[in-house]
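Undergrad: Questions regarding the structure given below will be posed in turn.
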Amino acid sequence: MSKSRSILGIDLRVNSVKVVEIEQRKDGVFLKNWGLTEVPYSLVDKHPQKQEAQAETLRQLILTRKIKSKNAVVVVGGGEVHVRLLTLAGVSRAELAEVIKWKFAEEITFPVEEAIFDFYPLPRSAAALDEKNDYIAACISRQLYQEIEQIIHQAGLNLAAITILPDALQKVFEFETHRGKDKIISLMYMGKRTTNISILKDRNLEFNRELSIGGENITLAMCGMVVSDKGKVEINPEKAEEIKLEYGIPLDCEKSHKFADMPSSQLQAMVRPALERVQDEITRTFEYYKGQTGEAAINKILITGGSSMTINLIEFLSQGLGIPVVSPAIMDGRHYDKKLADKPALERVLPRLSAAIGAALVGDEKINLMPEEVKYWWRPLTRRFIKPQYLAAIFAVFLLLLYGIFWWQAQSLQKELALAEKKLNEYKPRIASMALIEKAAISEHNKQSALKAHEAQRAKLPKIFEDISRLVPESVFINALNLDQGELQLWGTA
């Protein structure tokens, strides 16, 4: 079992800086630390001031939250990221990257030479009979990569991977999508300026689209002049955001809360066009998907992101789209670390951190939009030195080195053998002396044994003669007697 591993998931989209620290342990996935803050909204469209502010903000979050991990995975999204499902047939593995590159050249607004792309194949169904293969591919500009790399580097971190929003959300809600594996499910991230829509079939990404609408559209729709019993009240963007966060969007004038002296009916009339536009864009996206694929209707929508927390928004979308819209538990199947700081505050903003959490979870498993020379730094060296002349030289050096190793071992063995022979010659006289001593000792031992046997035999003679004299009749005269080991011979006259 591998040791625990910590990694940071970072979301730098629009003007926010969101970071989470995820640790993979033997007993599960744990959220160890987190941080969330915003850079001034006035810097959103200003470069490089925005990147500098994000780098400093991220560095401060790392310090104040005492985050120890250094490797970071950044999630990207929005109009600068292109995600496509490509169906290719008759393309060899060697040609695949080049074919996908020129597929993106048809839609990107920057030179294809400045494009960084990555892809992965989708599983083939058991019923597929043709040779077509589906791939999820994504593309960003090298300029966007350099901006991200600069922010991460200035914050004192190491950029491990750049992933895309659809893959991150799919990883976050993998348990929820597994429960509905036979259905068509839409993953929707509604942020401040954009809404990302992914559609999964059999838990595989089939469609992705980025809409240029988000929570900011609802906020701006609530801005303007309203008339009450006490006169006219002007609602600026700050006040509109405050109303939206505290009371949500007014759907039913009779049931909606009243904010100060502002009538709910007027707020409803003001925000209704923006809400209907959001609903229409989502409906068109689903209709386009069904027209392209011929699939049936969407069964469920899983929504997350900061704007998904707007009160009454889920109810409005469910009623308008006629599809169940739910905000699933982001920490489903995962755990909070015991030392986690500000857990209640974290749980209130979890939907805003869902993309960062997904980035940490997915890592570089799928799409990794880092340049080839950074991801695979050894490949240029390999291509440079793997040439016939270099290979021949390397092979010759290898053989020479191998010969040198065997020659050195042979010399060592020769020295050991010579030393053993010298020691043997030194010990030969001693061995001969020891052999003589051993031979003399054996001879002496045999003599002693014979003497002991003779003495034992002599000790038995009186008893033997006594037994003979008792057994031989008096009329018999013994002329000769021969006593040997175990045998007695008598000669006499009767």
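Each chain of the structure tokens is named A, B, ... in the order shown, its residues numbered from 1; ligands are numbered from 1 in display order.
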Which residues, written as a ChimeraX atom specification, have at least one atom at most 7 Å from Gly191 in chain A, with only C-alpha atoms counted and residues fewer than 6 positions away on the same chain left out?
TA: /A:214-215,305-307
Undergrad: Please produce an output containing all heavy atoms for each residue in the selection, written as an mmCIF file, in the first residue's frame.
TA:
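Dumped everything to out16.cif:
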data_model
loop_
_atom_site.group_PDB
_atom_site.id
_atom_site.type_symbol
_atom_site.label_atom_id
_atom_site.label_comp_id
_atom_site.auth_asym_id
_atom_site.auth_seq_id
_atom_site.Cartn_x
_atom_site.Cartn_y
_atom_site.Cartn_z
ATOM 1 N N GLY A 214 -24.093 33.842 -15.959
ATOM 2 C CA GLY A 214 -23.822 33.347 -14.620
ATOM 3 C C GLY A 214 -24.541 34.171 -13.579
ATOM 4 O O GLY A 214 -25.499 34.911 -13.868
ATOM 5 N N GLY A 215 -24.080 34.069 -12.367
ATOM 6 C CA GLY A 215 -24.722 34.792 -11.273
ATOM 7 C C GLY A 215 -24.668 36.290 -11.427
ATOM 8 O O GLY A 215 -25.546 37.019 -10.939
ATOM 9 N N GLY A 305 -21.212 25.237 -7.863
ATOM 10 C CA GLY A 305 -20.695 26.572 -8.141
ATOM 11 C C GLY A 305 -21.302 27.604 -7.208
ATOM 12 O O GLY A 305 -22.326 27.359 -6.554
ATOM 13 N N GLY A 306 -20.672 28.763 -7.141
ATOM 14 C CA GLY A 306 -21.128 29.804 -6.230
ATOM 15 C C GLY A 306 -22.557 30.241 -6.469
ATOM 16 O O GLY A 306 -23.339 30.419 -5.519
ATOM 17 N N SER A 307 -22.959 30.400 -7.723
ATOM 18 C CA SER A 307 -24.313 30.880 -8.018
ATOM 19 C C SER A 307 -25.373 29.832 -7.734
ATOM 20 O O SER A 307 -26.560 30.163 -7.595
ATOM 21 C CB SER A 307 -24.400 31.323 -9.482
ATOM 22 O OG SER A 307 -23.544 32.429 -9.713
#
Undergrad: Between CA of Leu220 in chain A and CA of Asn236 in chain A, what is the distance, to one decimal in Å?
TA: 8.3 Å
Undergrad: Which parts of range 7-103 of chain A does DSSP call alpha helix (DSSP H) when run on the backbone here, written out as a PDB file with N, CA and C atoms, in the first residue's frame?
TA:
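Output file out-v8.pdb is given in full below:
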ATOM      1  N   GLN A  49      -1.764  42.881 -14.037  1.00  0.00           N
ATOM      2  CA  GLN A  49      -2.099  43.240 -12.656  1.00  0.00           C
ATOM      3  C   GLN A  49      -2.935  42.143 -11.971  1.00  0.00           C
ATOM      4  N   LYS A  50      -3.850  41.556 -12.715  1.00  0.00           N
ATOM      5  CA  LYS A  50      -4.685  40.511 -12.131  1.00  0.00           C
ATOM      6  C   LYS A  50      -3.837  39.318 -11.693  1.00  0.00           C
ATOM      7  N   GLN A  51      -2.911  38.857 -12.544  1.00  0.00           N
ATOM      8  CA  GLN A  51      -2.085  37.706 -12.213  1.00  0.00           C
ATOM      9  C   GLN A  51      -1.189  37.998 -11.002  1.00  0.00           C
ATOM     10  N   GLU A  52      -0.656  39.200 -10.934  1.00  0.00           N
ATOM     11  CA  GLU A  52       0.185  39.563  -9.798  1.00  0.00           C
ATOM     12  C   GLU A  52      -0.626  39.565  -8.499  1.00  0.00           C
ATOM     13  N   ALA A  53      -1.848  40.096  -8.577  1.00  0.00           N
ATOM     14  CA  ALA A  53      -2.704  40.122  -7.391  1.00  0.00           C
ATOM     15  C   ALA A  53      -3.096  38.703  -6.975  1.00  0.00           C
ATOM     16  N   GLN A  54      -3.390  37.836  -7.946  1.00  0.00           N
ATOM     17  CA  GLN A  54      -3.743  36.456  -7.615  1.00  0.00           C
ATOM     18  C   GLN A  54      -2.557  35.711  -7.002  1.00  0.00           C
ATOM     19  N   ALA A  55      -1.347  35.934  -7.527  1.00  0.00           N
ATOM     20  CA  ALA A  55      -0.163  35.272  -6.984  1.00  0.00           C
ATOM     21  C   ALA A  55       0.076  35.688  -5.536  1.00  0.00           C
ATOM     22  N   GLU A  56      -0.046  36.992  -5.258  1.00  0.00           N
ATOM     23  CA  GLU A  56       0.157  37.470  -3.892  1.00  0.00           C
ATOM     24  C   GLU A  56      -0.945  36.959  -2.963  1.00  0.00           C
ATOM     25  N   THR A  57      -2.167  36.962  -3.446  1.00  0.00           N
ATOM     26  CA  THR A  57      -3.278  36.455  -2.632  1.00  0.00           C
ATOM     27  C   THR A  57      -3.094  34.973  -2.326  1.00  0.00           C
ATOM     28  N   LEU A  58      -2.695  34.198  -3.323  1.00  0.00           N
ATOM     29  CA  LEU A  58      -2.468  32.771  -3.117  1.00  0.00           C
ATOM     30  C   LEU A  58      -1.321  32.538  -2.133  1.00  0.00           C
ATOM     31  N   ARG A  59      -0.265  33.325  -2.256  1.00  0.00           N
ATOM     32  CA  ARG A  59       0.872  33.177  -1.342  1.00  0.00           C
ATOM     33  C   ARG A  59       0.452  33.469   0.096  1.00  0.00           C
ATOM     34  N   GLN A  60      -0.369  34.492   0.281  1.00  0.00           N
ATOM     35  CA  GLN A  60      -0.845  34.831   1.618  1.00  0.00           C
ATOM     36  C   GLN A  60      -1.751  33.725   2.177  1.00  0.00           C
ATOM     37  N   LEU A  61      -2.584  33.143   1.320  1.00  0.00           N
ATOM     38  CA  LEU A  61      -3.427  32.041   1.778  1.00  0.00           C
ATOM     39  C   LEU A  61      -2.588  30.854   2.235  1.00  0.00           C
ATOM     40  N   ILE A  62      -1.537  30.553   1.489  1.00  0.00           N
ATOM     41  CA  ILE A  62      -0.665  29.435   1.848  1.00  0.00           C
ATOM     42  C   ILE A  62      -0.014  29.684   3.211  1.00  0.00           C
ATOM     43  N   LEU A  63       0.400  30.940   3.447  1.00  0.00           N
ATOM     44  CA  LEU A  63       1.067  31.262   4.707  1.00  0.00           C
ATOM     45  C   LEU A  63       0.091  31.285   5.880  1.00  0.00           C
ATOM     46  N   THR A  64      -1.023  31.978   5.712  1.00  0.00           N
ATOM     47  CA  THR A  64      -1.951  32.136   6.834  1.00  0.00           C
ATOM     48  C   THR A  64      -2.638  30.824   7.195  1.00  0.00           C
ATOM     49  N   ARG A  93      -2.117   5.431 -34.060  1.00  0.00           N
ATOM     50  CA  ARG A  93      -1.712   6.053 -32.802  1.00  0.00           C
ATOM     51  C   ARG A  93      -0.661   7.129 -33.025  1.00  0.00           C
ATOM     52  N   ALA A  94       0.230   6.914 -33.988  1.00  0.00           N
ATOM     53  CA  ALA A  94       1.280   7.892 -34.269  1.00  0.00           C
ATOM     54  C   ALA A  94       0.707   9.183 -34.854  1.00  0.00           C
ATOM     55  N   GLU A  95      -0.407   9.077 -35.596  1.00  0.00           N
ATOM     56  CA  GLU A  95      -0.991  10.257 -36.244  1.00  0.00           C
ATOM     57  C   GLU A  95      -2.044  10.947 -35.384  1.00  0.00           C
ATOM     58  N   LEU A  96      -2.426  10.341 -34.284  1.00  0.00           N
ATOM     59  CA  LEU A  96      -3.553  10.822 -33.494  1.00  0.00           C
ATOM     60  C   LEU A  96      -3.357  12.250 -33.002  1.00  0.00           C
ATOM     61  N   ALA A  97      -2.206  12.531 -32.404  1.00  0.00           N
ATOM     62  CA  ALA A  97      -1.953  13.857 -31.851  1.00  0.00           C
ATOM     63  C   ALA A  97      -2.006  14.933 -32.929  1.00  0.00           C
ATOM     64  N   GLU A  98      -1.452  14.649 -34.079  1.00  0.00           N
ATOM     65  CA  GLU A  98      -1.444  15.634 -35.159  1.00  0.00           C
ATOM     66  C   GLU A  98      -2.851  15.882 -35.694  1.00  0.00           C
ATOM     67  N   VAL A  99      -3.649  14.825 -35.814  1.00  0.00           N
ATOM     68  CA  VAL A  99      -5.024  14.976 -36.305  1.00  0.00           C
ATOM     69  C   VAL A  99      -5.836  15.826 -35.339  1.00  0.00           C
ATOM     70  N   ILE A 100      -5.730  15.553 -34.032  1.00  0.00           N
ATOM     71  CA  ILE A 100      -6.471  16.320 -33.029  1.00  0.00           C
ATOM     72  C   ILE A 100      -6.014  17.773 -33.014  1.00  0.00           C
ATOM     73  N   LYS A 101      -4.739  17.986 -33.191  1.00  0.00           N
ATOM     74  CA  LYS A 101      -4.210  19.356 -33.229  1.00  0.00           C
ATOM     75  C   LYS A 101      -4.884  20.168 -34.326  1.00  0.00           C
ATOM     76  N   TRP A 102      -5.009  19.599 -35.509  1.00  0.00           N
ATOM     77  CA  TRP A 102      -5.603  20.352 -36.620  1.00  0.00           C
ATOM     78  C   TRP A 102      -7.128  20.393 -36.532  1.00  0.00           C
ATOM     79  N   LYS A 103      -7.726  19.523 -35.776  1.00  0.00           N
ATOM     80  CA  LYS A 103      -9.155  19.661 -35.481  1.00  0.00           C
ATOM     81  C   LYS A 103      -9.412  20.921 -34.665  1.00  0.00           C
TER      82      LYS A 103
END
